[in-house]
file coords-v8.csv (CSV, C-alpha atoms)
chain,number,residue,atom,x,y,z
A,1,ASP,CA,77.8,-82.0,-5.7
A,2,THR,CA,80.4,-79.3,-6.7
A,3,ALA,CA,78.0,-77.3,-8.8
A,4,GLN,CA,76.3,-75.7,-5.8
A,5,GLN,CA,77.4,-75.1,-2.3
A,6,LYS,CA,76.8,-72.6,0.5
A,7,PHE,CA,80.3,-72.9,1.9
A,8,GLY,CA,83.4,-74.8,0.8
A,9,THR,CA,83.4,-76.6,-2.5
A,10,ALA,CA,80.4,-79.0,-2.4
A,11,SER,CA,77.0,-79.7,-0.9
A,12,GLY,CA,74.6,-82.6,-0.8
A,13,LEU,CA,72.5,-83.0,-4.0
A,14,PHE,CA,69.3,-85.0,-3.7
A,15,ASP,CA,67.3,-85.8,-6.8
A,16,GLY,CA,63.9,-86.5,-5.1
A,17,THR,CA,63.7,-90.1,-6.4
A,18,GLY,CA,65.8,-92.1,-3.9
A,19,ASP,CA,68.7,-89.9,-2.8
A,20,LEU,CA,69.0,-89.6,1.0
A,21,VAL,CA,71.5,-90.0,3.9
A,22,SER,CA,70.3,-91.7,7.0
A,23,THR,CA,71.6,-92.9,10.3
A,24,PRO,CA,70.1,-95.3,12.9
A,25,ASP,CA,68.4,-93.9,15.9
A,26,HIS,CA,70.7,-93.0,18.9
A,27,ALA,CA,70.1,-91.8,22.4
A,28,ASP,CA,71.6,-88.4,21.4
A,29,TYR,CA,68.6,-87.8,19.2
A,30,THR,CA,66.1,-87.9,22.0
A,31,LEU,CA,64.5,-84.4,22.3
A,32,GLY,CA,61.9,-85.0,25.0
A,33,SER,CA,60.9,-81.7,26.6
A,34,SER,CA,64.3,-80.0,26.4
A,35,ALA,CA,65.5,-77.2,24.2
A,36,PHE,CA,66.9,-78.0,20.8
A,37,THR,CA,67.7,-76.5,17.4
A,38,VAL,CA,67.6,-78.0,13.9
A,39,ASP,CA,69.2,-75.8,11.2
A,40,ALA,CA,70.6,-76.2,7.7
A,41,TRP,CA,71.0,-74.4,4.4
A,42,VAL,CA,68.6,-75.6,1.7
A,43,ARG,CA,68.3,-74.9,-2.0
A,44,PRO,CA,65.2,-76.5,-3.8
A,45,ALA,CA,65.6,-77.5,-7.4
A,46,ALA,CA,61.8,-77.3,-8.2
A,47,ASP,CA,58.8,-75.3,-7.1
A,48,GLY,CA,55.2,-76.1,-6.3
A,49,SER,CA,55.7,-79.6,-4.9
A,50,LEU,CA,55.7,-81.0,-1.4
A,51,LEU,CA,59.3,-81.9,-0.3
A,52,TYR,CA,60.8,-83.2,2.9
A,53,PRO,CA,64.4,-82.1,3.5
A,54,PHE,CA,65.1,-83.8,6.9
A,55,GLY,CA,63.6,-85.4,9.9
A,56,GLN,CA,63.2,-88.3,12.2
A,57,ALA,CA,59.7,-89.6,11.4
A,58,HIS,CA,58.1,-93.0,11.1
A,59,THR,CA,56.7,-94.4,7.8
A,60,THR,CA,53.6,-92.5,8.9
A,61,LEU,CA,54.2,-88.9,10.0
A,62,ALA,CA,51.5,-88.6,12.6
A,63,ASP,CA,52.7,-91.6,14.5
A,64,THR,CA,53.9,-92.4,18.1
A,65,ASN,CA,57.2,-93.4,16.5
A,66,SER,CA,57.8,-90.0,14.8
A,67,ALA,CA,59.7,-87.2,16.5
A,68,TRP,CA,60.2,-84.2,14.2
A,69,TYR,CA,60.5,-83.2,10.5
A,70,PHE,CA,60.6,-80.3,8.2
A,71,SER,CA,58.8,-79.8,4.9
A,72,ARG,CA,58.6,-77.4,1.9
A,73,THR,CA,54.9,-77.3,1.0
A,74,ALA,CA,53.4,-77.3,-2.5
A,75,GLY,CA,52.9,-73.6,-1.7
A,76,ASN,CA,56.7,-73.2,-1.3
A,77,LYS,CA,56.5,-72.5,2.4
A,78,ILE,CA,58.8,-74.2,5.1
A,79,THR,CA,57.1,-76.0,8.0
A,80,PHE,CA,58.8,-77.2,11.2
A,81,ASN,CA,56.9,-80.1,12.9
A,82,VAL,CA,57.2,-81.9,16.2
A,83,VAL,CA,55.1,-84.9,17.2
A,84,GLU,CA,53.7,-86.0,20.6
A,85,GLY,CA,51.7,-89.2,20.5
A,86,THR,CA,49.9,-88.9,17.2
A,87,THR,CA,49.5,-85.1,17.3
A,88,VAL,CA,51.6,-83.0,15.1
A,89,THR,CA,52.4,-79.4,16.1
A,90,THR,CA,53.5,-77.2,13.2
A,91,VAL,CA,55.1,-73.8,12.6
A,92,THR,CA,54.6,-72.6,9.1
A,93,GLY,CA,56.8,-70.0,7.4
A,94,THR,CA,55.5,-67.1,5.2
A,95,SER,CA,58.4,-66.7,2.8
A,96,ASN,CA,58.5,-68.5,-0.6
A,97,VAL,CA,61.4,-70.9,-0.6
A,98,ILE,CA,62.0,-71.5,-4.3
A,99,ALA,CA,64.5,-72.7,-6.7
A,100,GLY,CA,67.6,-70.6,-7.5
A,101,ALA,CA,68.6,-69.5,-4.0
A,102,TRP,CA,70.0,-70.8,-0.7
A,103,TYR,CA,67.9,-70.4,2.4
A,104,HIS,CA,68.9,-70.9,6.0
A,105,VAL,CA,66.1,-72.6,7.9
A,106,ALA,CA,66.1,-73.2,11.7
A,107,GLY,CA,63.6,-74.8,14.0
A,108,VAL,CA,64.0,-74.0,17.7
A,109,ARG,CA,62.3,-75.1,20.9
A,110,THR,CA,62.9,-73.0,24.0
A,111,GLY,CA,60.7,-73.8,27.0
A,112,ASN,CA,57.2,-74.3,25.8
A,113,THR,CA,57.6,-72.4,22.6
A,114,LEU,CA,58.5,-73.4,19.0
A,115,ARG,CA,60.0,-70.9,16.6
A,116,LEU,CA,60.9,-71.1,12.9
A,117,PHE,CA,63.5,-68.8,11.3
A,118,ILE,CA,64.1,-68.3,7.6
A,119,ASN,CA,67.3,-66.5,6.8
A,120,GLY,CA,67.5,-65.3,10.4
A,121,THR,CA,63.9,-63.8,10.5
A,122,GLN,CA,61.3,-65.4,12.6
A,123,GLU,CA,58.2,-66.6,10.7
A,124,GLY,CA,55.0,-68.2,11.8
A,125,GLY,CA,55.0,-66.6,15.3
A,126,ASP,CA,55.5,-68.3,18.7
A,127,VAL,CA,53.7,-71.6,18.6
A,128,SER,CA,52.9,-73.1,22.1
A,129,PHE,CA,54.1,-76.6,22.7
A,130,SER,CA,54.4,-77.9,26.3
A,131,GLY,CA,54.5,-81.6,25.5
A,132,THR,CA,57.2,-84.3,25.2
A,133,ILE,CA,58.4,-85.1,21.7
A,134,ASN,CA,58.2,-88.8,20.9
A,135,ASN,CA,61.3,-90.8,21.4
A,136,SER,CA,61.4,-92.2,17.9
A,137,THR,CA,63.4,-95.3,16.9
A,138,ALA,CA,63.1,-94.4,13.2
A,139,VAL,CA,66.2,-93.3,11.2
A,140,LEU,CA,67.2,-89.7,11.2
A,141,ALA,CA,67.5,-88.7,7.5
A,142,ILE,CA,68.7,-85.9,5.4
A,143,GLY,CA,66.9,-85.8,2.0
A,144,ALA,CA,63.8,-87.3,3.6
A,145,ALA,CA,61.6,-86.9,6.6
A,146,GLY,CA,63.2,-90.0,8.2
A,147,ALA,CA,61.7,-93.4,7.4
A,148,PHE,CA,58.8,-91.7,5.6
A,149,ALA,CA,59.6,-92.6,1.9
A,150,SER,CA,57.4,-90.1,0.0
A,151,ASP,CA,58.1,-86.7,-1.4
A,152,LEU,CA,61.9,-86.9,-1.0
A,153,TRP,CA,63.9,-83.7,-1.2
A,154,ASN,CA,64.7,-82.4,-4.7
A,155,GLY,CA,67.6,-80.0,-4.4
A,156,TRP,CA,70.7,-79.2,-2.3
A,157,ILE,CA,71.4,-79.2,1.5
A,158,ASP,CA,74.4,-77.9,3.2
A,159,GLU,CA,75.5,-77.6,6.9
A,160,PHE,CA,72.8,-79.6,8.5
A,161,ARG,CA,73.0,-79.5,12.3
A,162,LEU,CA,70.9,-81.0,15.2
A,163,SER,CA,71.7,-79.4,18.5
A,164,THR,CA,70.2,-80.9,21.6
A,165,GLY,CA,69.9,-79.1,24.9
A,166,ILE,CA,70.3,-75.6,23.5
A,167,ALA,CA,68.0,-73.1,21.8
A,168,ARG,CA,70.6,-71.4,19.6
A,169,TRP,CA,68.3,-68.5,18.5
A,170,THR,CA,65.3,-67.1,20.2
A,171,ALA,CA,65.1,-63.8,18.2
A,172,ALA,CA,66.2,-62.5,14.8
A,173,PHE,CA,69.8,-63.2,14.0
A,174,THR,CA,72.4,-63.1,11.2
A,175,PRO,CA,72.6,-66.5,9.5
A,176,PRO,CA,76.0,-68.3,9.7
A,177,THR,CA,78.6,-66.7,7.4
A,178,VAL,CA,81.1,-69.6,7.5
A,179,ALA,CA,80.9,-73.4,7.7
A,180,TYR,CA,80.6,-74.7,11.2
A,181,GLY,CA,84.0,-75.1,12.8
A,182,SER,CA,85.8,-73.6,9.8
A,183,GLU,CA,87.7,-70.8,11.6
A,184,THR,CA,90.3,-71.8,14.2
A,185,THR,CA,92.9,-69.6,15.8
A,186,GLU,CA,95.7,-71.0,18.0
A,187,PHE,CA,97.1,-69.1,21.0
A,188,ASN,CA,100.6,-70.0,22.2
A,189,ASP,CA,100.0,-73.7,21.7
A,190,GLU,CA,97.8,-73.6,24.8
A,191,PHE,CA,94.3,-73.3,23.3
A,192,GLN,CA,92.3,-73.0,20.1
A,193,LEU,CA,89.3,-70.7,19.5
A,194,THR,CA,87.0,-72.1,16.8
A,195,ARG,CA,84.1,-70.3,15.3
A,196,ILE,CA,80.9,-72.4,15.1
A,197,ASP,CA,78.6,-69.8,13.7
A,198,ALA,CA,77.9,-66.1,14.0
A,199,ASP,CA,77.2,-66.4,17.7
A,200,SER,CA,79.0,-69.5,19.0
A,201,TYR,CA,82.6,-70.5,19.5
A,202,THR,CA,84.5,-73.4,21.2
A,203,ILE,CA,87.6,-73.3,23.2
A,204,THR,CA,89.8,-76.3,23.1
A,205,LEU,CA,92.7,-76.4,25.6
A,206,ALA,CA,95.9,-78.3,25.6
A,207,ALA,CA,95.9,-81.4,27.9
A,208,ALA,CA,97.7,-79.7,30.7
A,209,ALA,CA,96.0,-76.3,30.4
A,210,THR,CA,93.1,-74.9,32.3
A,211,ALA,CA,91.3,-71.6,31.9
A,212,THR,CA,88.7,-69.4,33.5
A,213,VAL,CA,86.0,-68.0,31.3
A,214,ALA,CA,85.5,-64.3,31.8
A,215,GLY,CA,82.1,-63.5,33.2
A,216,GLY,CA,81.2,-67.1,34.0
A,217,GLY,CA,84.1,-68.2,36.2
A,218,ALA,CA,83.8,-71.8,34.9
A,219,ALA,CA,86.9,-73.9,34.7
A,220,VAL,CA,87.3,-75.2,31.1
A,221,THR,CA,89.4,-78.3,30.7
A,222,ALA,CA,88.3,-79.6,27.3
A,223,ALA,CA,86.1,-78.3,24.5
A,224,TYR,CA,83.2,-76.0,25.6
A,225,GLN,CA,80.7,-73.9,23.9
A,226,LEU,CA,80.5,-70.3,25.1
A,227,ASN,CA,77.3,-68.5,25.9
A,228,PRO,CA,77.2,-65.4,23.7
A,229,GLY,CA,76.9,-62.2,25.8
A,230,THR,CA,78.0,-63.7,29.1
A,231,GLY,CA,81.0,-65.8,28.2
A,232,SER,CA,80.0,-68.6,30.5
A,233,ALA,CA,80.4,-72.2,29.4
A,234,VAL,CA,77.2,-73.7,28.1
A,235,ALA,CA,78.1,-77.4,27.6
A,236,GLY,CA,81.0,-79.7,26.8
A,237,LEU,CA,81.2,-80.7,23.2

call {"tool": "encode", "arguments": {"input": "coords-v8.csv", "output": "structure tokens"}}
result
Amino acid sequence: DTAQQKFGTASGLFDGTGDLVSTPDHADYTLGSSAFTVDAWVRPAADGSLLYPFGQAHTTLADTNSAWYFSRTAGNKITFNVVEGTTVTTVTGTSNVIAGAWYHVAGVRTGNTLRLFINGTQEGGDVSFSGTINNSTAVLAIGAAGAFASDLWNGWIDEFRLSTGIARWTAAFTPPTVAYGSETTEFNDEFQLTRIDADSYTITLAAAATATVAGGGAAVTAAYQLNPGTGSAVAGL
């Protein structure tokens, strides 16, 4: 939809009556007991109703085939939910997420702690979770909680991202100010520096080039994410 967007010229508009984007399950979506981050920009079109913007849940939420999902409650609060067995562990925000504005929402697991951030501010406290998130075979959906077909999202979503193996934020942060991967600078045809968000970049080297990352000493031969503050390579992209 070109009427509303956080970045660029368009975003996803979902009408709450059947609009969603889904993809079949993949091994890359398995969260297990590792760190991960789910984040996106959301803009609800209506207040006072339960809505599910994204997730990978079964047709029943508290189910052994559900993994995670977000909701905007009838009280206009965001929840971040993970499922182990049939037990749902929830972090609930305190801000009102209502029509007329964009909100950056992020759910993070680091170690045995779940955290929820709204516009870069942690809400709901540190919630303990030491379990293993179910390895769901349900679809991963944007505009719905996965295969769960009720209370579909009514509003806009932009810049959805699921990051496995990394807790992108563990304390207050400045929400992304550009679209992911939208700023790329080339250096002497040898490598590109691409901004992912306010704290993350990738380096992409030419085929014959190698580099040493200052502070980490790791040889980079493809595209790598850098660890803010140390400069060491976190993981290949």

call {"tool": "closest_residue", "arguments": {"input": "coords-v8.csv", "among": "A:Leu116, A:Ala67, A:Val97, A:Ala62", "to": "Val139 in chain A", "atoms": "all atoms listed in the file"}}
result
A:Ala67

call {"tool": "atom_distance", "arguments": {"input": "coords-v8.csv", "atom1": "CA of Ala138 in chain A", "atom2": "CA of Thr59 in chain A"}}
result
8.4 Å

call {"tool": "atom_distance", "arguments": {"input": "coords-v8.csv", "atom1": "CA of Gly111 in chain A", "atom2": "CA of Pro176 in chain A"}}
result
23.7 Å

call {"tool": "residues_around", "arguments": {"input": "coords-v8.csv", "residues": "range 35-37 of chain A", "least_positions_apart": "2", "cutoff": "9 Å", "atoms": "only C-alpha atoms", "output": "PyMOL selection string"}}
result
chain A and resi 31-33+39+106-112+161-169

call {"tool": "atom_distance", "arguments": {"input": "coords-v8.csv", "atom1": "CA of Ala74 in chain A", "atom2": "CA of Thr17 in chain A"}}
result
16.9 Å

call {"tool": "closest_residue", "arguments": {"input": "coords-v8.csv", "among": "A:Gln4, A:Ser49, A:Gln56, A:Ser136", "to": "Phe80 in chain A", "atoms": "only C-alpha atoms"}}
result
A:Gln56

call {"tool": "closest_residue", "arguments": {"input": "coords-v8.csv", "among": "A:Ala57, A:Asp1, A:Ala179, A:Leu114", "to": "Pro24 in chain A", "atoms": "all atoms listed in the file"}}
result
A:Ala57

call {"tool": "closest_residue", "arguments": {"input": "coords-v8.csv", "among": "A:Val42, A:Ala3, A:Leu51, A:Ala171", "to": "Thr121 in chain A", "atoms": "all atoms listed in the file"}}
result
A:Ala171

call {"tool": "closest_residue", "arguments": {"input": "coords-v8.csv", "among": "A:Ser66, A:Thr89, A:Thr174, A:Asn154", "to": "Leu13 in chain A", "atoms": "only C-alpha atoms"}}
result
A:Asn154

call {"tool": "closest_residue", "arguments": {"input": "coords-v8.csv", "among": "A:Asn65, A:Ser71, A:Thr2, A:Ser34", "to": "Leu152 in chain A", "atoms": "only C-alpha atoms"}}
result
A:Ser71

call {"tool": "residues_near_point", "arguments": {"input": "coords-v8.csv", "point": "(69.4, -91.4, -1.4)", "cutoff": "10 Å", "atoms": "all atoms listed in the file", "output": "list of chain:residue names"}}
result
A:Leu13, A:Phe14, A:Asp15, A:Gly16, A:Thr17, A:Gly18, A:Asp19, A:Leu20, A:Val21, A:Ser22, A:Ala141, A:Ile142, A:Gly143, A:Ala144, A:Leu152, A:Trp153

call {"tool": "residues_around", "arguments": {"input": "coords-v8.csv", "residues": "Asn76 in chain A", "least_positions_apart": "5", "cutoff": "12 Å", "atoms": "only C-alpha atoms", "output": "ChimeraX atom specification"}}
result
/A:43-52,71,92-99

call {"tool": "axis_aligned_box", "arguments": {"input": "coords-v8.csv", "around": "range 39-49 of chain A", "padding_each_side": "6 Å", "output": "lines of an AutoDock Vina configuration file"}}
result
center_x = 63.1
center_y = -77.0
center_z = 1.5
size_x = 27.8
size_y = 17.2
size_z = 31.4
